[in-house]
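Dumped target.csv below, it's CSV, C-alpha atoms:
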```
chain,number,residue,atom,x,y,z
N,704,MET,CA,8.7,-2.0,-10.7
N,705,THR,CA,7.1,0.8,-12.7
N,706,ALA,CA,4.0,-1.3,-13.2
N,707,LYS,CA,3.7,-1.9,-9.5
N,708,ARG,CA,4.2,1.8,-8.8
N,709,ASP,CA,1.4,2.7,-11.3
N,710,LEU,CA,-1.0,0.2,-9.6
N,711,LYS,CA,-0.1,1.5,-6.2
N,712,ARG,CA,-0.8,5.0,-7.4
N,713,VAL,CA,-4.3,3.9,-8.4
N,714,TYR,CA,-4.8,2.3,-5.0
N,715,TYR,CA,-3.7,5.4,-3.1
N,716,THR,CA,-5.6,7.9,-5.3
N,717,ALA,CA,-8.9,6.0,-5.7
N,718,ARG,CA,-11.9,7.3,-3.8
N,719,ASN,CA,-14.2,4.4,-4.6
N,720,GLN,CA,-13.7,1.4,-2.3
N,721,ASP,CA,-14.3,-1.1,-5.1
N,722,THR,CA,-11.5,0.6,-7.1
N,723,LYS,CA,-9.2,0.4,-4.2
N,724,PHE,CA,-10.0,-3.3,-3.7
N,725,ASP,CA,-9.4,-4.0,-7.5
N,726,ALA,CA,-6.1,-2.1,-7.4
N,727,LYS,CA,-5.1,-3.9,-4.2
N,728,GLU,CA,-5.7,-7.3,-5.9
N,729,LEU,CA,-3.6,-6.2,-8.9
N,730,VAL,CA,-0.7,-5.0,-6.6
N,731,ALA,CA,-0.8,-8.4,-4.8
N,732,ALA,CA,-0.6,-10.3,-8.1
N,733,THR,CA,2.3,-8.0,-9.2
N,734,ILE,CA,4.2,-8.6,-5.9
N,735,THR,CA,3.8,-12.4,-6.6
N,736,LEU,CA,5.1,-11.8,-10.1
N,737,GLN,CA,8.1,-9.9,-8.7
N,738,LYS,CA,9.0,-12.7,-6.3
N,739,LEU,CA,8.8,-15.3,-9.0
N,740,LEU,CA,11.1,-13.2,-11.2
N,741,GLU,CA,13.5,-12.7,-8.3
N,742,ASP,CA,13.5,-16.5,-7.7
N,743,LEU,CA,14.1,-17.1,-11.4
N,744,LEU,CA,17.0,-14.6,-11.6
N,745,THR,CA,18.6,-16.2,-8.5
N,746,LYS,CA,18.3,-19.6,-10.2
N,747,ARG,CA,19.8,-18.2,-13.4
N,748,ARG,CA,22.8,-16.9,-11.5
N,749,THR,CA,23.4,-20.1,-9.5
N,750,ILE,CA,22.3,-23.0,-11.8
N,751,ARG,CA,24.0,-23.4,-15.1
N,752,LEU,CA,21.0,-25.3,-16.5
N,753,ALA,CA,18.6,-22.4,-15.6
N,754,LYS,CA,20.8,-20.1,-17.7
N,755,LYS,CA,20.5,-22.4,-20.7
N,756,VAL,CA,16.7,-22.7,-20.2
N,757,LEU,CA,16.3,-18.9,-20.0
N,758,GLU,CA,18.5,-18.3,-23.1
N,759,ASP,CA,16.0,-20.4,-25.1
N,760,ARG,CA,14.6,-18.3,-28.0
N,761,LYS,CA,10.9,-18.9,-26.9
N,762,ALA,CA,11.7,-17.8,-23.3
N,763,GLU,CA,13.5,-14.7,-24.5
N,764,LEU,CA,10.6,-13.7,-26.7
N,765,ASN,CA,8.1,-14.2,-23.9
N,766,LEU,CA,10.2,-12.2,-21.5
N,767,ARG,CA,10.6,-9.4,-24.0
N,768,ARG,CA,6.8,-9.4,-24.8
N,769,TRP,CA,5.9,-9.3,-21.1
N,770,SER,CA,8.5,-6.6,-20.2
N,771,THR,CA,6.8,-4.3,-22.7
N,772,GLY,CA,3.2,-5.4,-22.4
N,773,PHE,CA,2.8,-5.5,-18.7
N,774,PRO,CA,4.0,-1.9,-18.0
N,775,ARG,CA,1.9,-0.6,-20.9
N,776,ARG,CA,-1.2,-2.4,-19.5
N,777,SER,CA,-0.6,-1.1,-16.0
N,778,LYS,CA,-0.2,2.5,-17.3
N,779,ASP,CA,-3.5,2.0,-19.3
N,780,PHE,CA,-5.2,0.9,-16.0
N,781,LEU,CA,-3.9,4.0,-14.3
N,782,THR,CA,-5.3,6.3,-17.0
N,783,LYS,CA,-8.6,4.4,-17.3
N,784,SER,CA,-9.1,4.5,-13.5
N,785,LYS,CA,-9.4,8.2,-13.8
N,786,LYS,CA,-11.8,8.2,-16.7
N,787,LEU,CA,-14.0,5.1,-16.4
N,788,GLU,CA,-16.8,4.2,-14.1
N,789,GLN,CA,-16.2,1.4,-11.7
N,790,GLN,CA,-18.2,-1.3,-13.6
N,791,HIS,CA,-16.2,-0.7,-16.8
N,792,LEU,CA,-12.9,-0.5,-14.8
N,793,ARG,CA,-13.7,-3.8,-13.1
N,794,LYS,CA,-13.8,-5.5,-16.5
N,795,TYR,CA,-10.4,-4.1,-17.4
N,796,GLN,CA,-9.1,-5.1,-14.0
N,797,GLN,CA,-10.2,-8.7,-14.5
N,798,VAL,CA,-8.5,-8.9,-17.9
N,799,LEU,CA,-5.3,-7.4,-16.4
N,800,LEU,CA,-5.5,-9.8,-13.5
N,801,GLU,CA,-5.8,-12.8,-15.9
N,802,TYR,CA,-2.8,-11.5,-17.8
N,803,ILE,CA,-0.7,-11.2,-14.7
N,804,ASN,CA,-1.8,-14.7,-13.5
N,805,GLY,CA,-1.0,-16.1,-16.9
N,806,ILE,CA,2.6,-14.7,-16.6
N,807,ASN,CA,2.8,-16.1,-13.0
N,808,ASN,CA,1.7,-19.5,-14.1
N,809,GLU,CA,4.2,-19.6,-17.0
N,810,LEU,CA,7.1,-18.5,-14.7
N,811,THR,CA,6.1,-21.1,-12.1
N,812,LYS,CA,6.2,-23.8,-14.8
N,813,TRP,CA,9.7,-22.6,-15.8
N,814,ILE,CA,10.9,-22.8,-12.2
N,815,GLU,CA,9.4,-26.3,-11.8
N,816,ASP,CA,11.0,-27.4,-15.0
N,817,ILE,CA,14.4,-26.1,-13.9
N,818,GLU,CA,14.1,-27.9,-10.6
N,819,THR,CA,13.0,-31.1,-12.3
N,820,MET,CA,15.8,-31.0,-14.8
N,821,LYS,CA,18.3,-30.2,-12.1
N,822,GLY,CA,17.3,-33.3,-10.2
N,823,LEU,CA,17.8,-35.6,-13.2
N,824,PRO,CA,21.1,-37.5,-13.4
N,825,ARG,CA,23.5,-36.6,-16.1
N,826,PRO,CA,23.9,-39.1,-19.0
N,827,PRO,CA,27.3,-40.9,-18.8
N,828,ARG,CA,30.0,-39.6,-21.1
N,829,GLY,CA,31.0,-42.2,-23.6
```

So that I can check it, write out the structure of this file as structure tokens.
Amino acid sequence: MTAKRDLKRVYYTARNQDTKFDAKELVAATITLQKLLEDLLTKRRTIRLAKKVLEDRKAELNLRRWSTGFPRRSKDFLTKSKKLEQQHLRKYQQVLLEYINGINNELTKWIEDIETMKGLPRPPRG
């Protein structure tokens, strides 16, 4: 939420239209990320299997890394938007957008895996 707030601040304070467009793209990707996280949290609360998947060590490490890395990068984008020229800011925006899209892709895979595993029949107890 703080990352989205920082990116919105860039959008509303930017004077250059290209910077506004770049920030708008980042805000849209962040909103997609937020919706995926909300879906994943809902699944975690309602599906026991999802809770087990999300308690996996690799998943926990990824979530911890993203929860610190993404806000830091968005704050950097906010400070760089005030200092850098548009062409240099665009390069940073593209890298940040790729980072957000990478997180989105990974979360989408997790959701698909949970749905797939949920649909599998349980093995018989012997």

Problem - Interatomic distance, atom CA of N:Ser777 to atom CA of N:Leu764 (Å, one decimal) - result: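 Calculated distance between atom CA of N:Ser777 and atom CA of N:Leu764 is 20.0 Å.
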
Problem - Best match for closeness to N:Asp721 among N:His791, N:Thr705, N:Asp816, N:Tyr802, counting only C-alpha atoms - result: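 When distances to N:Asp721 are compared using only C-alpha atoms, the smallest one comes from N:His791.
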
Handout entry: Selection: 12 Å around N:Asn808, all atoms listed in the file, excl. self and same-chain fewer than 5 positions, as a ChimeraX atom specification
Key = /N:732,735-736,739-740,801-803,813-815

Could you put an axis-aligned box around every listed atom of stretch 790-806 of chain N, padded by 4 Å on each side, and send me its centre and edge lengths in Å to one decimal, as lines of an AutoDock Vina configuration file?
```
center_x = -7.8
center_y = -8.3
center_z = -15.5
size_x = 28.8
size_y = 23.6
size_z = 12.8
```

Handout entry: Residue nearest N:Leu800 among N:Arg708, N:Lys727, N:Arg828, N:Lys746 (counting only C-alpha atoms)
Key =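 Under the stated criterion, the closest residue is N:Lys727.
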
Could you give me, as CSV, every stretch 717-759 of chain N residue with an atom at most 12 Å from stretch 765-773 of chain N, plus its closest atom pair and distance in Å to one decimal, counting only C-alpha atoms, rows ordered by chain then number?
```
residue,atom,partner,partner_atom,distance
N:Leu729,CA,N:Phe773,CA,11.7
N:Thr733,CA,N:Phe773,CA,9.8
N:Leu736,CA,N:Phe773,CA,10.9
N:Gln737,CA,N:Ser770,CA,12.0
N:Leu740,CA,N:Leu766,CA,10.4
N:Leu743,CA,N:Leu766,CA,11.9
N:Leu757,CA,N:Leu766,CA,9.2
N:Glu758,CA,N:Leu766,CA,10.4
N:Asp759,CA,N:Asn765,CA,10.1
```

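In this model, the gap between atom CA of N:Gln797 and atom CA of N:Leu744 comes to 28.0 Å.
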
Handout entry: Interatomic distance, atom CA of N:Val713 to atom CA of N:Ala726 (Å, one decimal)
Key =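 Between these atoms lies a distance of 6.3 Å.
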
Handout entry: Pick from N:Thr811, N:Thr722, N:Gln790, N:Asn804, whichever lies nearest to N:Leu710 using all atoms listed in the file
Key =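 Of N:Thr811, N:Thr722, N:Gln790, N:Asn804, the one nearest N:Leu710 is N:Thr722, counting all atoms listed in the file.
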
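Using all atoms listed in the file, the nearest neighbour of N:Arg718 within the list N:Gln789, N:Asn807, N:Gln796, N:Thr819 is N:Gln789.
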
Practice task
Identify, on the basis of all atoms listed in the file, every residue whose closest approach to N:Arg747 does not exceed 9 Å; exclude the query and any residue fewer than 6 positions from it along the same chain; express the result as a ChimeraX atom specification.
Solution key: /N:753-757

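Using all atoms listed in the file, the nearest neighbour of N:Arg776 within the list N:Glu728, N:Leu799, N:Lys794, N:Gln720 is N:Leu799.
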
What would stretch 807-829 of chain N look like if you wrote it out as a PDB file, in the first residue's frame, with N, CA and C atoms included, from the block I just posted?
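And here's result32.pdb as it stands now:
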```
ATOM      1  N   ASN N 807       4.027 -10.487 -10.140  1.00  0.00           N
ATOM      2  CA  ASN N 807       2.679 -10.850 -10.584  1.00  0.00           C
ATOM      3  C   ASN N 807       2.655 -12.241 -11.202  1.00  0.00           C
ATOM      4  N   ASN N 808       3.637 -12.538 -12.040  1.00  0.00           N
ATOM      5  CA  ASN N 808       3.690 -13.853 -12.686  1.00  0.00           C
ATOM      6  C   ASN N 808       3.861 -14.965 -11.656  1.00  0.00           C
ATOM      7  N   GLU N 809       4.723 -14.743 -10.690  1.00  0.00           N
ATOM      8  CA  GLU N 809       4.961 -15.758  -9.661  1.00  0.00           C
ATOM      9  C   GLU N 809       3.700 -15.987  -8.818  1.00  0.00           C
ATOM     10  N   LEU N 810       3.026 -14.921  -8.432  1.00  0.00           N
ATOM     11  CA  LEU N 810       1.799 -15.061  -7.651  1.00  0.00           C
ATOM     12  C   LEU N 810       0.704 -15.750  -8.460  1.00  0.00           C
ATOM     13  N   THR N 811       0.631 -15.449  -9.740  1.00  0.00           N
ATOM     14  CA  THR N 811      -0.344 -16.116 -10.604  1.00  0.00           C
ATOM     15  C   THR N 811      -0.063 -17.612 -10.674  1.00  0.00           C
ATOM     16  N   LYS N 812       1.202 -17.983 -10.762  1.00  0.00           N
ATOM     17  CA  LYS N 812       1.563 -19.401 -10.770  1.00  0.00           C
ATOM     18  C   LYS N 812       1.153 -20.073  -9.464  1.00  0.00           C
ATOM     19  N   TRP N 813       1.359 -19.385  -8.342  1.00  0.00           N
ATOM     20  CA  TRP N 813       0.984 -19.949  -7.046  1.00  0.00           C
ATOM     21  C   TRP N 813      -0.520 -20.190  -6.985  1.00  0.00           C
ATOM     22  N   ILE N 814      -1.293 -19.217  -7.452  1.00  0.00           N
ATOM     23  CA  ILE N 814      -2.751 -19.348  -7.439  1.00  0.00           C
ATOM     24  C   ILE N 814      -3.186 -20.504  -8.333  1.00  0.00           C
ATOM     25  N   GLU N 815      -2.586 -20.610  -9.521  1.00  0.00           N
ATOM     26  CA  GLU N 815      -2.920 -21.710 -10.428  1.00  0.00           C
ATOM     27  C   GLU N 815      -2.541 -23.055  -9.817  1.00  0.00           C
ATOM     28  N   ASP N 816      -1.395 -23.123  -9.162  1.00  0.00           N
ATOM     29  CA  ASP N 816      -0.983 -24.371  -8.512  1.00  0.00           C
ATOM     30  C   ASP N 816      -1.958 -24.769  -7.407  1.00  0.00           C
ATOM     31  N   ILE N 817      -2.404 -23.796  -6.633  1.00  0.00           N
ATOM     32  CA  ILE N 817      -3.352 -24.083  -5.556  1.00  0.00           C
ATOM     33  C   ILE N 817      -4.655 -24.611  -6.142  1.00  0.00           C
ATOM     34  N   GLU N 818      -5.131 -23.967  -7.198  1.00  0.00           N
ATOM     35  CA  GLU N 818      -6.374 -24.410  -7.831  1.00  0.00           C
ATOM     36  C   GLU N 818      -6.224 -25.809  -8.426  1.00  0.00           C
ATOM     37  N   THR N 819      -5.065 -26.087  -9.027  1.00  0.00           N
ATOM     38  CA  THR N 819      -4.825 -27.403  -9.611  1.00  0.00           C
ATOM     39  C   THR N 819      -4.772 -28.475  -8.526  1.00  0.00           C
ATOM     40  N   MET N 820      -4.033 -28.199  -7.472  1.00  0.00           N
ATOM     41  CA  MET N 820      -3.916 -29.181  -6.386  1.00  0.00           C
ATOM     42  C   MET N 820      -5.252 -29.376  -5.665  1.00  0.00           C
ATOM     43  N   LYS N 821      -6.048 -28.332  -5.594  1.00  0.00           N
ATOM     44  CA  LYS N 821      -7.353 -28.431  -4.948  1.00  0.00           C
ATOM     45  C   LYS N 821      -8.274 -29.361  -5.739  1.00  0.00           C
ATOM     46  N   GLY N 822      -8.110 -29.361  -7.063  1.00  0.00           N
ATOM     47  CA  GLY N 822      -8.953 -30.184  -7.920  1.00  0.00           C
ATOM     48  C   GLY N 822      -8.539 -31.650  -7.981  1.00  0.00           C
ATOM     49  N   LEU N 823      -7.346 -31.962  -7.498  1.00  0.00           N
ATOM     50  CA  LEU N 823      -6.886 -33.354  -7.531  1.00  0.00           C
ATOM     51  C   LEU N 823      -7.595 -34.162  -6.445  1.00  0.00           C
ATOM     52  N   PRO N 824      -7.912 -35.431  -6.753  1.00  0.00           N
ATOM     53  CA  PRO N 824      -8.547 -36.254  -5.721  1.00  0.00           C
ATOM     54  C   PRO N 824      -7.522 -36.647  -4.654  1.00  0.00           C
ATOM     55  N   ARG N 825      -7.999 -36.842  -3.447  1.00  0.00           N
ATOM     56  CA  ARG N 825      -7.123 -37.247  -2.350  1.00  0.00           C
ATOM     57  C   ARG N 825      -6.774 -38.721  -2.512  1.00  0.00           C
ATOM     58  N   PRO N 826      -5.569 -39.094  -2.138  1.00  0.00           N
ATOM     59  CA  PRO N 826      -5.218 -40.520  -2.191  1.00  0.00           C
ATOM     60  C   PRO N 826      -5.993 -41.278  -1.103  1.00  0.00           C
ATOM     61  N   PRO N 827      -6.351 -42.517  -1.395  1.00  0.00           N
ATOM     62  CA  PRO N 827      -7.116 -43.281  -0.389  1.00  0.00           C
ATOM     63  C   PRO N 827      -6.249 -43.578   0.834  1.00  0.00           C
ATOM     64  N   ARG N 828      -6.882 -43.586   1.957  1.00  0.00           N
ATOM     65  CA  ARG N 828      -6.171 -43.892   3.195  1.00  0.00           C
ATOM     66  C   ARG N 828      -6.137 -45.412   3.363  1.00  0.00           C
ATOM     67  N   GLY N 829      -5.000 -45.923   3.681  1.00  0.00           N
ATOM     68  CA  GLY N 829      -4.870 -47.370   3.740  1.00  0.00           C
ATOM     69  C   GLY N 829      -4.650 -47.876   5.046  1.00  0.00           C
TER      70      GLY N 829
END
```
